[in-house]
Amino acid sequence: MTAIPSFTGDANPYGGGDPYADYRTADFPFTQYADLADRRLGAGVIAANDEFFAQRENLLVPEPAEFDPEHFGHKGKIMDGWETRRRRGASADHPWPADDDHDWALVRLGAPGVIRGIVVDTAHFRGNYPQAVSVEGTRVPGSPSPEELLGDDVKWTTLVPRTAVGGHAANGFGVAAEQCFTHLRVKQHPDGGIARLRVHGEVVPDPAWLEALGTFDVVALENGGRAEDASNLFYSPASNTIQPGRSRKMDDGWETRRRRDRGHDWIRYRLTAQAQIRALEIDTAYLKGNSAGWASVSVRDGEDGEWREILPRTRLQPDTNHRFVLPAPAVGTHARVDIYPDGGISRLRLFGSLTPEGTSRLAARHQELGG
């Protein structure tokens, strides 16, 4: 397994200027996977035992944490993260927290999935970060309440054992548990603050739900689709193109740098499973002077299948949702959108249904992962 860089200890007190100048981070190998704790997928922090200084909901804000050195409130310094009060011991003779004292937050993932890695980001928490963190996961169907999740009958699996972390740093942890999770319990030992939580992994959709829907978006992230690779990620990730809903601003799509050659840009996707595609959408919402000029869409069946064009190179309009009904259903497991020559799209939708083979394979994987 690839070694994960780790950070421990305090960061220096803020000395002015760019607060991220001394921020410690690394390129974690698992960040190629989607963030299952993305609020756009429906994730939420549903409970915490303490949020005296800063609210638990800040953990899942998609943007990096901000720092304003002059921002104070009635309770003290206002931080862009989740921060608990200082724990104290039982008496004057023992004023320190007990070894097992900790604060916790319950996180509902936006979609059930296999977790490949977790980032516990302590940005701007320089002397008030937790000494250590741990993360547990569970799978509970439906919409359980915090009380139900904390019940004695719920089994939690350790994903990140109690591990020392550093202040003002992105603390990354690889996860090897090959099973499906719906909720996390994040613990900070004994107290302190965490700015952001990122949970990278693969969505595992419920085959029964997709079967009941019939026709659905077979490349959507929430349905188990995945952006596998792209020619260029200069301005934004390719996975934005399969997020739920329409784009709400320019950086909520996929945009490449300006080309100065005769090439073109592309994204390759893995579908939910083998599917019949009958219609598609290419949306350029909020991409006005930088939308792709033309686009084509191709599919292939299997890892070694040949690419077959299902939408020939077609002129795109800026800030527009383009809809196409295919003359005949196209069967495939992967898709590719090619844009010419560069620019961006905000969303790609491929509407269809699973084939019998796709349904069978998806059901087998769902069962294998504890579904």
# chains A, B, ... in the order shown; residues from 1 in each chain; ligands from 1
$ residues_around --residues "segment 211-214 of chain A" --least-positions-apart "3" --cutoff "12 Å" --atoms "only C-alpha atoms" --output "number ranges by chain"
A: 205-208, 217-218, 223, 275-276, 351-356, 358-360, 362-363
$ write_last_selection --atoms "N, CA, C and O atoms" --output "mmCIF file, in the first residue's frame"
data_model
loop_
_atom_site.group_PDB
_atom_site.id
_atom_site.type_symbol
_atom_site.label_atom_id
_atom_site.label_comp_id
_atom_site.auth_asym_id
_atom_site.auth_seq_id
_atom_site.Cartn_x
_atom_site.Cartn_y
_atom_site.Cartn_z
ATOM 1 N N PRO A 205 -24.372 1.888 -5.133
ATOM 2 C CA PRO A 205 -25.820 2.123 -5.157
ATOM 3 C C PRO A 205 -26.617 0.879 -4.801
ATOM 4 O O PRO A 205 -26.126 -0.246 -4.916
ATOM 5 N N ASP A 206 -27.843 1.083 -4.397
ATOM 6 C CA ASP A 206 -28.758 0.000 -4.050
ATOM 7 C C ASP A 206 -29.425 -0.496 -5.333
ATOM 8 O O ASP A 206 -30.186 0.243 -5.970
ATOM 9 N N PRO A 207 -29.175 -1.731 -5.757
ATOM 10 C CA PRO A 207 -29.772 -2.239 -7.003
ATOM 11 C C PRO A 207 -31.295 -2.201 -6.983
ATOM 12 O O PRO A 207 -31.925 -1.943 -8.024
ATOM 13 N N ALA A 208 -31.910 -2.448 -5.826
ATOM 14 C CA ALA A 208 -33.369 -2.445 -5.752
ATOM 15 C C ALA A 208 -33.929 -1.057 -6.034
ATOM 16 O O ALA A 208 -34.971 -0.914 -6.688
ATOM 17 N N ASP A 217 -30.026 8.227 -14.553
ATOM 18 C CA ASP A 217 -28.751 8.699 -15.092
ATOM 19 C C ASP A 217 -27.679 7.674 -14.743
ATOM 20 O O ASP A 217 -27.257 7.572 -13.585
ATOM 21 N N VAL A 218 -27.200 6.919 -15.731
ATOM 22 C CA VAL A 218 -26.304 5.791 -15.482
ATOM 23 C C VAL A 218 -24.851 6.211 -15.295
ATOM 24 O O VAL A 218 -23.991 5.353 -15.047
ATOM 25 N N ASN A 223 -25.424 7.521 -8.417
ATOM 26 C CA ASN A 223 -25.876 6.202 -8.858
ATOM 27 C C ASN A 223 -24.717 5.233 -9.083
ATOM 28 O O ASN A 223 -24.924 4.141 -9.613
ATOM 29 N N ALA A 275 -25.160 -0.806 -19.212
ATOM 30 C CA ALA A 275 -26.455 -0.133 -19.337
ATOM 31 C C ALA A 275 -26.793 0.133 -20.791
ATOM 32 O O ALA A 275 -25.916 0.165 -21.664
ATOM 33 N N GLN A 276 -28.083 0.321 -21.034
ATOM 34 C CA GLN A 276 -28.593 0.803 -22.325
ATOM 35 C C GLN A 276 -28.862 2.296 -22.192
ATOM 36 O O GLN A 276 -29.684 2.715 -21.369
ATOM 37 N N PHE A 351 -28.992 8.994 -19.804
ATOM 38 C CA PHE A 351 -30.221 8.394 -19.293
ATOM 39 C C PHE A 351 -30.478 7.040 -19.950
ATOM 40 O O PHE A 351 -30.424 6.901 -21.175
ATOM 41 N N GLY A 352 -30.742 6.050 -19.111
ATOM 42 C CA GLY A 352 -31.015 4.711 -19.624
ATOM 43 C C GLY A 352 -31.356 3.782 -18.488
ATOM 44 O O GLY A 352 -31.800 4.208 -17.418
ATOM 45 N N SER A 353 -31.126 2.496 -18.683
ATOM 46 C CA SER A 353 -31.418 1.486 -17.665
ATOM 47 C C SER A 353 -30.379 0.384 -17.755
ATOM 48 O O SER A 353 -29.724 0.204 -18.787
ATOM 49 N N LEU A 354 -30.229 -0.368 -16.672
ATOM 50 C CA LEU A 354 -29.249 -1.441 -16.653
ATOM 51 C C LEU A 354 -29.714 -2.613 -17.501
ATOM 52 O O LEU A 354 -30.912 -2.909 -17.581
ATOM 53 N N THR A 355 -28.771 -3.280 -18.124
ATOM 54 C CA THR A 355 -29.059 -4.531 -18.817
ATOM 55 C C THR A 355 -29.186 -5.642 -17.781
ATOM 56 O O THR A 355 -28.797 -5.467 -16.617
ATOM 57 N N PRO A 356 -29.726 -6.797 -18.145
ATOM 58 C CA PRO A 356 -29.764 -7.922 -17.186
ATOM 59 C C PRO A 356 -28.378 -8.258 -16.637
ATOM 60 O O PRO A 356 -28.230 -8.545 -15.443
ATOM 61 N N GLY A 358 -25.817 -6.146 -16.343
ATOM 62 C CA GLY A 358 -25.446 -5.061 -15.451
ATOM 63 C C GLY A 358 -26.140 -5.182 -14.102
ATOM 64 O O GLY A 358 -25.523 -4.975 -13.047
ATOM 65 N N THR A 359 -27.426 -5.522 -14.116
ATOM 66 C CA THR A 359 -28.176 -5.690 -12.874
ATOM 67 C C THR A 359 -27.594 -6.811 -12.037
ATOM 68 O O THR A 359 -27.435 -6.687 -10.812
ATOM 69 N N SER A 360 -27.251 -7.926 -12.666
ATOM 70 C CA SER A 360 -26.704 -9.076 -11.957
ATOM 71 C C SER A 360 -25.371 -8.747 -11.299
ATOM 72 O O SER A 360 -25.131 -9.080 -10.129
ATOM 73 N N LEU A 362 -24.142 -5.768 -10.515
ATOM 74 C CA LEU A 362 -24.305 -4.759 -9.478
ATOM 75 C C LEU A 362 -24.860 -5.385 -8.206
ATOM 76 O O LEU A 362 -24.406 -5.080 -7.088
ATOM 77 N N ALA A 363 -25.840 -6.281 -8.335
ATOM 78 C CA ALA A 363 -26.421 -6.944 -7.187
ATOM 79 C C ALA A 363 -25.389 -7.809 -6.464
ATOM 80 O O ALA A 363 -25.348 -7.855 -5.229
#
$ residues_around --residues "segment 86-96 of chain A" --least-positions-apart "5" --cutoff "10 Å" --atoms "only C-alpha atoms" --output "number ranges by chain"
A: 52-53, 101-103, 128, 189-192
$ residues_around --residues "Pro146 of chain A" --least-positions-apart "4" --cutoff "7 Å" --atoms "only C-alpha atoms" --output "list in words"
Ile46, Ala47 and Leu150 of chain A
$ closest_residue --among "A:Gly224, A:Pro29, A:Gly305, A:Gly81" --to "Ile194 of chain A" --atoms "only C-alpha atoms"
A:Gly81
$ residues_around --residues "segment 106-111 of chain A" --least-positions-apart "3" --cutoff "7 Å" --atoms "only C-alpha atoms" --output "list in words"
Leu36, Ala37, Asp38, Arg39, Leu41, Gly42, Ala43, Gly44, Val45, Ile46, Ala47, Ala48, Thr182, His183, Leu184, Arg185, Val186, Val203 and Glu222 of chain A
$ write_last_selection --atoms "C-alpha atoms" --output "PDB file, in the first residue's frame"
ATOM      1  CA  LEU A  36     -18.617  10.744  -0.173  1.00  0.00           C
ATOM      2  CA  ALA A  37     -19.039  13.438   2.489  1.00  0.00           C
ATOM      3  CA  ASP A  38     -19.883  16.093  -0.103  1.00  0.00           C
ATOM      4  CA  ARG A  39     -23.027  18.010   0.846  1.00  0.00           C
ATOM      5  CA  LEU A  41     -24.502  14.305  -2.539  1.00  0.00           C
ATOM      6  CA  GLY A  42     -26.616  14.750   0.577  1.00  0.00           C
ATOM      7  CA  ALA A  43     -23.994  14.340   3.310  1.00  0.00           C
ATOM      8  CA  GLY A  44     -24.508  15.980   6.690  1.00  0.00           C
ATOM      9  CA  VAL A  45     -23.116  16.195  10.215  1.00  0.00           C
ATOM     10  CA  ILE A  46     -26.182  15.041  12.100  1.00  0.00           C
ATOM     11  CA  ALA A  47     -24.941  15.292  15.698  1.00  0.00           C
ATOM     12  CA  ALA A  48     -21.984  16.191  17.918  1.00  0.00           C
ATOM     13  CA  THR A 182     -23.358   4.851   5.370  1.00  0.00           C
ATOM     14  CA  HIS A 183     -22.254   6.758   8.506  1.00  0.00           C
ATOM     15  CA  LEU A 184     -19.045   7.755  10.283  1.00  0.00           C
ATOM     16  CA  ARG A 185     -18.244   8.585  13.880  1.00  0.00           C
ATOM     17  CA  VAL A 186     -15.335  11.035  14.048  1.00  0.00           C
ATOM     18  CA  VAL A 203     -20.423   4.980  -4.340  1.00  0.00           C
ATOM     19  CA  GLU A 222     -24.964   9.274  -6.752  1.00  0.00           C
TER      20      GLU A 222
END
$ residues_around --residues "Phe181 of chain A" --least-positions-apart "3" --cutoff "10 Å" --atoms "only C-alpha atoms" --output "VMD selection string"
chain A and resid 108 to 109 111 to 115 136 to 141 156 to 157 177 to 178 184 203 to 204 369 to 371
$ write_last_selection --atoms "N, CA, C and O atoms" --output "PDB file, in the first residue's frame"
ATOM      1  N   ARG A 108     -23.349  11.583   8.282  1.00  0.00           N
ATOM      2  CA  ARG A 108     -24.077  10.760   7.303  1.00  0.00           C
ATOM      3  C   ARG A 108     -23.430  10.990   5.945  1.00  0.00           C
ATOM      4  O   ARG A 108     -23.332  12.122   5.462  1.00  0.00           O
ATOM      5  N   LEU A 109     -22.950   9.931   5.316  1.00  0.00           N
ATOM      6  CA  LEU A 109     -22.366  10.069   3.982  1.00  0.00           C
ATOM      7  C   LEU A 109     -23.449  10.438   2.972  1.00  0.00           C
ATOM      8  O   LEU A 109     -24.622  10.087   3.136  1.00  0.00           O
ATOM      9  N   ALA A 111     -23.756   9.280   0.033  1.00  0.00           N
ATOM     10  CA  ALA A 111     -24.168   8.050  -0.638  1.00  0.00           C
ATOM     11  C   ALA A 111     -23.412   6.909   0.003  1.00  0.00           C
ATOM     12  O   ALA A 111     -22.242   7.067   0.389  1.00  0.00           O
ATOM     13  N   PRO A 112     -24.039   5.738   0.146  1.00  0.00           N
ATOM     14  CA  PRO A 112     -23.305   4.595   0.693  1.00  0.00           C
ATOM     15  C   PRO A 112     -22.116   4.269  -0.201  1.00  0.00           C
ATOM     16  O   PRO A 112     -22.194   4.385  -1.429  1.00  0.00           O
ATOM     17  N   GLY A 113     -21.019   3.838   0.415  1.00  0.00           N
ATOM     18  CA  GLY A 113     -19.877   3.546  -0.426  1.00  0.00           C
ATOM     19  C   GLY A 113     -18.720   2.888   0.298  1.00  0.00           C
ATOM     20  O   GLY A 113     -18.698   2.766   1.527  1.00  0.00           O
ATOM     21  N   VAL A 114     -17.743   2.448  -0.503  1.00  0.00           N
ATOM     22  CA  VAL A 114     -16.484   1.899  -0.011  1.00  0.00           C
ATOM     23  C   VAL A 114     -15.514   3.059   0.160  1.00  0.00           C
ATOM     24  O   VAL A 114     -15.297   3.833  -0.775  1.00  0.00           O
ATOM     25  N   ILE A 115     -14.943   3.184   1.336  1.00  0.00           N
ATOM     26  CA  ILE A 115     -14.058   4.321   1.639  1.00  0.00           C
ATOM     27  C   ILE A 115     -12.612   3.926   1.362  1.00  0.00           C
ATOM     28  O   ILE A 115     -12.134   2.889   1.840  1.00  0.00           O
ATOM     29  N   GLU A 136     -14.619   5.821  12.913  1.00  0.00           N
ATOM     30  CA  GLU A 136     -15.302   4.542  12.792  1.00  0.00           C
ATOM     31  C   GLU A 136     -16.409   4.653  11.753  1.00  0.00           C
ATOM     32  O   GLU A 136     -16.911   5.748  11.506  1.00  0.00           O
ATOM     33  N   GLY A 137     -16.761   3.526  11.167  1.00  0.00           N
ATOM     34  CA  GLY A 137     -17.822   3.504  10.174  1.00  0.00           C
ATOM     35  C   GLY A 137     -18.847   2.432  10.473  1.00  0.00           C
ATOM     36  O   GLY A 137     -18.546   1.417  11.111  1.00  0.00           O
ATOM     37  N   THR A 138     -20.070   2.653   9.992  1.00  0.00           N
ATOM     38  CA  THR A 138     -21.122   1.648  10.117  1.00  0.00           C
ATOM     39  C   THR A 138     -22.025   1.725   8.903  1.00  0.00           C
ATOM     40  O   THR A 138     -22.000   2.716   8.157  1.00  0.00           O
ATOM     41  N   ARG A 139     -22.814   0.693   8.720  1.00  0.00           N
ATOM     42  CA  ARG A 139     -23.813   0.676   7.651  1.00  0.00           C
ATOM     43  C   ARG A 139     -25.177   0.446   8.260  1.00  0.00           C
ATOM     44  O   ARG A 139     -25.443  -0.635   8.808  1.00  0.00           O
ATOM     45  N   VAL A 140     -26.021   1.470   8.202  1.00  0.00           N
ATOM     46  CA  VAL A 140     -27.385   1.379   8.712  1.00  0.00           C
ATOM     47  C   VAL A 140     -28.321   1.883   7.616  1.00  0.00           C
ATOM     48  O   VAL A 140     -28.223   3.045   7.208  1.00  0.00           O
ATOM     49  N   PRO A 141     -29.198   1.069   7.083  1.00  0.00           N
ATOM     50  CA  PRO A 141     -30.082   1.495   5.992  1.00  0.00           C
ATOM     51  C   PRO A 141     -31.098   2.523   6.462  1.00  0.00           C
ATOM     52  O   PRO A 141     -31.366   2.677   7.663  1.00  0.00           O
ATOM     53  N   TRP A 156     -19.826  -0.770  14.985  1.00  0.00           N
ATOM     54  CA  TRP A 156     -18.922   0.198  14.363  1.00  0.00           C
ATOM     55  C   TRP A 156     -17.602  -0.483  14.017  1.00  0.00           C
ATOM     56  O   TRP A 156     -17.070  -1.260  14.804  1.00  0.00           O
ATOM     57  N   THR A 157     -17.084  -0.176  12.837  1.00  0.00           N
ATOM     58  CA  THR A 157     -15.809  -0.716  12.367  1.00  0.00           C
ATOM     59  C   THR A 157     -14.756   0.387  12.402  1.00  0.00           C
ATOM     60  O   THR A 157     -14.992   1.488  11.884  1.00  0.00           O
ATOM     61  N   ALA A 177     -10.760  -1.146   4.500  1.00  0.00           N
ATOM     62  CA  ALA A 177     -11.957  -1.956   4.763  1.00  0.00           C
ATOM     63  C   ALA A 177     -12.801  -2.088   3.498  1.00  0.00           C
ATOM     64  O   ALA A 177     -13.344  -1.098   3.004  1.00  0.00           O
ATOM     65  N   GLU A 178     -12.896  -3.299   2.979  1.00  0.00           N
ATOM     66  CA  GLU A 178     -13.630  -3.539   1.729  1.00  0.00           C
ATOM     67  C   GLU A 178     -15.085  -3.859   2.049  1.00  0.00           C
ATOM     68  O   GLU A 178     -15.551  -4.996   1.903  1.00  0.00           O
ATOM     69  N   LEU A 184     -20.328   7.737   9.590  1.00  0.00           N
ATOM     70  CA  LEU A 184     -19.045   7.755  10.283  1.00  0.00           C
ATOM     71  C   LEU A 184     -19.216   8.361  11.668  1.00  0.00           C
ATOM     72  O   LEU A 184     -20.082   9.211  11.882  1.00  0.00           O
ATOM     73  N   VAL A 203     -19.008   5.157  -4.652  1.00  0.00           N
ATOM     74  CA  VAL A 203     -20.423   4.980  -4.340  1.00  0.00           C
ATOM     75  C   VAL A 203     -20.857   3.556  -4.667  1.00  0.00           C
ATOM     76  O   VAL A 203     -20.495   3.000  -5.715  1.00  0.00           O
ATOM     77  N   VAL A 204     -21.632   2.963  -3.766  1.00  0.00           N
ATOM     78  CA  VAL A 204     -22.212   1.628  -3.992  1.00  0.00           C
ATOM     79  C   VAL A 204     -23.732   1.781  -3.965  1.00  0.00           C
ATOM     80  O   VAL A 204     -24.345   1.821  -2.904  1.00  0.00           O
ATOM     81  N   LEU A 369     -20.398  -6.529  -0.513  1.00  0.00           N
ATOM     82  CA  LEU A 369     -19.951  -5.439   0.360  1.00  0.00           C
ATOM     83  C   LEU A 369     -20.844  -5.257   1.568  1.00  0.00           C
ATOM     84  O   LEU A 369     -20.731  -4.250   2.272  1.00  0.00           O
ATOM     85  N   GLY A 370     -21.749  -6.194   1.793  1.00  0.00           N
ATOM     86  CA  GLY A 370     -22.573  -6.140   2.991  1.00  0.00           C
ATOM     87  C   GLY A 370     -23.944  -5.567   2.788  1.00  0.00           C
ATOM     88  O   GLY A 370     -24.626  -5.216   3.757  1.00  0.00           O
ATOM     89  N   GLY A 371     -24.373  -5.420   1.511  1.00  0.00           N
ATOM     90  CA  GLY A 371     -25.669  -4.838   1.235  1.00  0.00           C
ATOM     91  C   GLY A 371     -26.821  -5.780   1.532  1.00  0.00           C
ATOM     92  O   GLY A 371     -26.636  -6.942   1.844  1.00  0.00           O
TER      93      GLY A 371
END
$ closest_residue --among "A:His124, A:His264, A:Arg347, A:Arg259" --to "Glu66 of chain A" --atoms "only C-alpha atoms"
A:His124
$ atom_distance --atom1 "atom CA of Tyr235 of chain A" --atom2 "atom CA of Gly289 of chain A"
14.6 Å
$ residues_around --residues "Gly127 of chain A" --least-positions-apart "4" --cutoff "9 Å" --atoms "only C-alpha atoms" --output "number ranges by chain"
A: 9-13, 167-168, 192
$ write_last_selection --atoms "N, CA and C atoms" --output "PDB file, in the first residue's frame"
ATOM      1  N   GLY A   9       2.318  17.523  15.754  1.00  0.00           N
ATOM      2  CA  GLY A   9       2.841  18.683  16.449  1.00  0.00           C
ATOM      3  C   GLY A   9       2.193  19.991  16.056  1.00  0.00           C
ATOM      4  N   ASP A  10       2.521  21.000  16.858  1.00  0.00           N
ATOM      5  CA  ASP A  10       1.962  22.335  16.641  1.00  0.00           C
ATOM      6  C   ASP A  10       2.502  22.967  15.368  1.00  0.00           C
ATOM      7  N   ALA A  11       1.697  23.850  14.790  1.00  0.00           N
ATOM      8  CA  ALA A  11       2.191  24.775  13.779  1.00  0.00           C
ATOM      9  C   ALA A  11       2.604  26.051  14.508  1.00  0.00           C
ATOM     10  N   ASN A  12       3.355  26.893  13.846  1.00  0.00           N
ATOM     11  CA  ASN A  12       3.743  28.169  14.446  1.00  0.00           C
ATOM     12  C   ASN A  12       2.525  29.059  14.615  1.00  0.00           C
ATOM     13  N   PRO A  13       2.512  29.938  15.621  1.00  0.00           N
ATOM     14  CA  PRO A  13       1.422  30.910  15.730  1.00  0.00           C
ATOM     15  C   PRO A  13       1.321  31.745  14.457  1.00  0.00           C
ATOM     16  N   GLY A 167      -1.233  20.145  13.855  1.00  0.00           N
ATOM     17  CA  GLY A 167      -2.019  21.352  13.691  1.00  0.00           C
ATOM     18  C   GLY A 167      -1.758  22.011  12.353  1.00  0.00           C
ATOM     19  N   HIS A 168      -2.773  22.733  11.831  1.00  0.00           N
ATOM     20  CA  HIS A 168      -2.671  23.453  10.559  1.00  0.00           C
ATOM     21  C   HIS A 168      -2.119  22.535   9.463  1.00  0.00           C
ATOM     22  N   GLY A 192     -10.692  19.841  20.993  1.00  0.00           N
ATOM     23  CA  GLY A 192     -10.009  20.702  20.040  1.00  0.00           C
ATOM     24  C   GLY A 192     -10.843  21.027  18.832  1.00  0.00           C
TER      25      GLY A 192
END
$ select_by_dssp --residues "segment 108-305 of chain A" --states "strand (DSSP E or B)" --output "PyMOL selection string"
chain A and resi 108-121+132-138+157-164+166+169-174+181-189+193-194+196-203+216-217+226-230+254-255+265-283+294-300
$ closest_residue --among "A:Asp18, A:Glu83, A:Glu51, A:Asp261" --to "Asp68 of chain A" --atoms "only C-alpha atoms"
A:Asp18
$ select_by_dssp --residues "segment 186-280 of chain A" --states "alpha helix (DSSP H)" --output "ChimeraX atom specification"
/A:207-213
$ write_last_selection --atoms "all heavy atoms" --output "tab-separated table (two decimals), in the first residue's frame"
chain	number	residue	atom	x	y	z
A	207	PRO	N	-29.18	-1.73	-5.76
A	207	PRO	CA	-29.77	-2.24	-7.00
A	207	PRO	C	-31.30	-2.20	-6.98
A	207	PRO	O	-31.93	-1.94	-8.02
A	207	PRO	CB	-29.26	-3.67	-7.10
A	207	PRO	CG	-28.05	-3.71	-6.23
A	207	PRO	CD	-28.31	-2.72	-5.12
A	208	ALA	N	-31.91	-2.45	-5.83
A	208	ALA	CA	-33.37	-2.44	-5.75
A	208	ALA	C	-33.93	-1.06	-6.03
A	208	ALA	O	-34.97	-0.91	-6.69
A	208	ALA	CB	-33.83	-2.93	-4.37
A	209	TRP	N	-33.24	-0.03	-5.56
A	209	TRP	CA	-33.69	1.34	-5.80
A	209	TRP	C	-33.58	1.68	-7.29
A	209	TRP	O	-34.51	2.25	-7.88
A	209	TRP	CB	-32.85	2.30	-4.97
A	209	TRP	CG	-33.11	3.74	-5.23
A	209	TRP	CD1	-32.30	4.62	-5.90
A	209	TRP	CD2	-34.27	4.51	-4.84
A	209	TRP	NE1	-32.87	5.86	-5.97
A	209	TRP	CE2	-34.08	5.83	-5.32
A	209	TRP	CE3	-35.44	4.20	-4.16
A	209	TRP	CZ2	-35.03	6.82	-5.12
A	209	TRP	CZ3	-36.38	5.20	-3.95
A	209	TRP	CH2	-36.16	6.49	-4.43
A	210	LEU	N	-32.46	1.33	-7.91
A	210	LEU	CA	-32.28	1.63	-9.33
A	210	LEU	C	-33.28	0.86	-10.19
A	210	LEU	O	-33.79	1.37	-11.19
A	210	LEU	CB	-30.85	1.32	-9.76
A	210	LEU	CG	-29.75	2.14	-9.07
A	210	LEU	CD1	-28.39	1.76	-9.61
A	210	LEU	CD2	-30.00	3.64	-9.23
A	211	GLU	N	-33.58	-0.38	-9.79
A	211	GLU	CA	-34.56	-1.18	-10.54
A	211	GLU	C	-35.94	-0.54	-10.44
A	211	GLU	O	-36.69	-0.50	-11.42
A	211	GLU	CB	-34.60	-2.60	-10.00
A	211	GLU	CG	-35.53	-3.51	-10.79
A	211	GLU	CD	-35.53	-4.94	-10.27
A	211	GLU	OE1	-34.87	-5.20	-9.25
A	211	GLU	OE2	-36.22	-5.79	-10.87
A	212	ALA	N	-36.26	-0.01	-9.26
A	212	ALA	CA	-37.56	0.64	-9.09
A	212	ALA	C	-37.65	1.92	-9.93
A	212	ALA	O	-38.71	2.26	-10.46
A	212	ALA	CB	-37.79	0.96	-7.62
A	213	LEU	N	-36.52	2.63	-10.07
A	213	LEU	CA	-36.53	3.85	-10.89
A	213	LEU	C	-36.74	3.53	-12.36
A	213	LEU	O	-37.36	4.31	-13.08
A	213	LEU	CB	-35.20	4.60	-10.71
A	213	LEU	CG	-34.92	5.23	-9.35
A	213	LEU	CD1	-33.55	5.92	-9.37
A	213	LEU	CD2	-36.00	6.23	-8.97
$ closest_residue --among "A:Gly76, A:Gly16, A:Pro5, A:Gly225" --to "Thr272 of chain A" --atoms "only C-alpha atoms"
A:Gly225
$ closest_residue --among "A:Arg126, A:Arg300, A:Arg248, A:Arg270" --to "Thr284 of chain A" --atoms "only C-alpha atoms"
A:Arg248
